[in-house]
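> Here's a structure for you.
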Amino acid sequence: MSDHFVGRDTELDTLDELLVQARAGAPHVVLLVGEPGIGKTTLIDGFLRRHRDVTSLRAGGDDSEMLYSYGIVRQLAASAGPAGLELAGQLAQVAPVPDPIAIGSQLLALLGERQQAGPAVLVIDDIQWADDPSVKSITFGLRRLQADQLLVILAVREESINELPDGLLRIVRGELATEIRLGGLAEHELAELAGKLGIGSFPARAARRLRSGTDGHPLFARELLREFPPESWGAQDVLPPPRSFRHLVRQRYRRCSTDGRRLVDAAAVIGLSAPLALTAQLADLPHALEAISDAERADLLQLVDASYPGSVRFPHPLVRSAVYSAIDPPHRSALHARAAQLLDDTRTVLQHRFAAARQPDEGLAADLSAFAATEIHNGEWVSAATHLVRSSRLSPQPADRQRRLLRAVNFLVIAGAASQAAHLAEEVASFPPGPLRDSTLGYLATATRGPAEAGRLLSSAWQQVDPAADRELAATIALQSAIHFHGRLDGPATATWSAKAIDLTEPDDPMRFVAETHRAFGLGYSGRFGEALPVVEDVTGTIDGSPDARRVQHGAAHGWLRLINDDLVTARSMLHAVAVDAARLVTLNTAAFSYAHLARAEYLAGAWHEALVHIENAIALTTESESDYLRSLVFGMAVVIPAARGEWAAARTYADLATAEASSYERAVAAAALAGAQLAAARDEPERVLDLLDPIRAMHPRQGIDEPGIWPWPELYADALTALGRTAEADAFLIPHELLAHRRRRASAIARLARARGSLESRAGRDSVADQAFQLAAGQIQRLAMPYEQALIELAHGRHLVRTNRRKAAAKLLTAAGDRFTALGAAPFLAQTVAELRACGITVEGTTRQRLRIGLTSQELVVARLIADGKTNREAAADLVVSVKTIEYHLSNVYAKLGGITRRQLRSALADHDQQAPLQHRRTASS
């Protein structure tokens, strides 16, 4: 068909221009949209023929293979030749199925390998039929592209765009994406097509009639020209029938021999392509070569491999669709039943048995349900849900039908596929009210419709369930309710519902581990830390040497509790172990949560380089989740270091991502609000801080949001009020937070609030009270080894001492603060410190370390440190979960900013930079 390529000049020019950009290191994604047969594949073929020097990786979706994990990625690996062997090795693991993050990382490495000789083009045709794990890993990889010489072309049917996963839709509708929509060919292009088909005379009137009769659809037009030469059209305006492509295919089908039709029927039942031997066996044709020749002459099948046994393939999905739909239903059912007997792959056998079914069948329904259980064990949640939906359709009894569909919806929500689950919500809502129905809809509402609807439905479910009769369902509803109240920051309710779930589960039930974890969170939000820690103290479990679910679940909560209690050493150790284990177990939400809080612990400890590495891992994990809370939490944590360093563009990007599509659950609202407020505070925009924190001020109940150390917002709010001169409001606001922090004996919260109190009292002119507050802050923070918080206290205290004309004492504090800010690269606060030192009559001299810190962005500094530590570019890319090209891009910037140094000199340059020499300063003559 590619020999008949005509037109599409505008579309080709657009692709050519985007390839030029890709050559310059600006990766781009193209969504190629059009109805079936409009020429998407032909356009891609034509584009690639124009650029034979460009490396390409290619795959195509098939509706019959959507439930086969990583089918698309396998095709991409195969198209890469020997370079794809490592990725193929990752895909060889059968159970449990490799997680999309690991496969996405391998795909990134493969793409980097293919760019060594120049730009690469990645093509996925019919992506609407791609399997879910492939889509997730590809989406993950596309998000991590920054400086790659890569052009990505994704072809999709027009009617299927909105069915694409949300994560992929965000990419194809983002700033680095272009949508190309294919319409019909113009009259002159149809005339050119006629010429390529050997039609010598094709006047303008014929072209107009062809354009009118086919809307310029190239596949329809080509087939009509083959079927009816223009001289047979007659004088009528209407083209000769049949005008439907399906009818054209059926006419060719009827002209085939009986054996040819039997072979084509069998191939259509198997799929878009199939082994020839299997096709012939299904068609009951011992000698199929003559039948193949007959089908090829009719352009219904193509022999992919000429050497027997080979395989056969339909020339276009529409051809297969036309043939399949024309098969008499009883005959089609019989072919599917026979195919199930000829195959031994359980998944494929069940697919054919389901297609063969003509009426409810409890035996098949039970087999589908049992296979779903196997898929759950392997981590194939979406496949499990699909098989349960099919099981539901075949269940004779309404109760079984409803139960299986409800379980399918639950699994889709667990898998983070809330948008797919939402498509079934209307059907589920039509079921008679009952505890399972209401709990399922309530759990779905936690991800889609918000807390009010979720709370109503979960409450209804609990009122209807009988725990004595159905302990498992009662435990499920109780746990779902705990998760709901955790999202609402209602600690007491979270703890209460978790306790109910614990009472209803056995000691080794994984649901119990999740319930114990949420009980610890609920107790923590309630301020009952002494009770919370014992709940999750068991963090030692393993299965065959690997961490078990209890260890991972408990460890995440245990590490979080230690962090909130200022035990940074234990928190860092615990959260790191849990993050690694959770990623290995493919519990991505737990891994992202742990990496985000590990980043916070490293940030507080002053290990900002390590914090940036961990937050990159958290971002990589959370972008594959549909958890709005986690997304807001992770991107909110990503804001703090670039904000503190004055990297405003990066901080703004993260703050916007924290806010984008945030749910109405209080956890997400709080995380998004705090992210924006921390950026505004670093930019010294107090009015904006107050505006951004207003949603937090409006929350009820307040205990979860006000518990000291969990959400560090009160000091931001008080500082903003003080900066605006609203000292009376700040005083009234601070008092209850100070009292609670002292009651909890939480040193970091006491220190931060005491610093805010000191600034407030200084602004109000109550100098002795301010002195006491700053001394309290310093005393609390010094024993915690939190250099950034200590520097903020020293800056605020030094500013107060300057105002009260105690310059010698101020200079000592401010110099210490300046050294800490310099070591951390906190440029905006270093600038404020230098300004206060000038007020003391001291001029600060620039240092090598200071210039280096301020010159490199956070991401450049992270890359530089990894390379200086001896990592290869590929190892650094794996650590940061980015492409090798991105590492190369950042390194080139690092070398240029450091005066053109080489890779070998990088370690020495960073070592010089990290020497702990104090700020150099001199007193001015006026002092």
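Residues in the structure tokens are named by chain (A, B, ... in the order shown) and by number from 1 within that chain; ligands are numbered from 1 in the order shown.
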Among the residues of stretch 409-613 of chain A, find those DSSP assigns to helix (DSSP H, G or I) from the backbone and print them as number ranges by chain.

A: 409-414, 418-423, 425-429, 435-448, 451-464, 471-487, 491-503, 510-525, 529-535, 549-564, 568-584, 588-605, 608-613

> What parts of stretch 455-603 of chain A does DSSP call strand (DSSP E)? I'd like the answer as JSON, numbers by chain.

{"A": [542, 543, 546, 547]}

> List as a VMD selection string the protein and nucleic acid residues near A:Ala896, meaning an atom at most 12 Å away when only C-alpha atoms are counted, but skip any in the same chain fewer than 5 places from it.

chain A and resid 852 855 to 856 860 889 to 891 901 to 903 906

> When you look at A:Leu837 with a cut-off of 9 Å (counting only C-alpha atoms), what residues show up, excluding the ones that are within fewer than 5 positions of it in the same chain? I need them as a ChimeraX atom specification.

/A:798,802,807,810-811,814-815,832,842-844

> Excluding same-chain residues fewer than 2 positions from A:Ala384, what lies within 6 Å of it counting only C-alpha atoms, as a list in words?

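In the requested format, the answer is Ala372, Glu375, Trp381, Val382, Thr386 and His387 of chain A.
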
> Mind checking which residues fall within 8 Å of A:Ser134, counting only C-alpha atoms, ignoring those fewer than 6 positions away in the same chain, and posting them as a list in words?

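Answer for this query is Ser69, Tyr70, Gly71, Ile72, Val73 and Pro100 of chain A.
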
> Between A:Arg181, A:His336, A:His797, A:Arg907, single out the one closest to A:Leu760, counting only C-alpha atoms.

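The answer is A:His797, which sits nearest to A:Leu760.
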
> Give me, as an MDAnalysis selection string, all polymer residues having an atom no more than 7 Å from stretch 348-352 of chain A, counting only C-alpha atoms and skipping those fewer than 3 positions away in the same chain.

chainID A and resid 336:337 339:340 343:345 355:356 368

> Here is a test: counting only C-alpha atoms, which residue of A:Gln790, A:Asn162, A:Asn565, A:Ser664 is nearest to A:Pro451?

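Selected residue with least distance to A:Pro451: A:Ser664.
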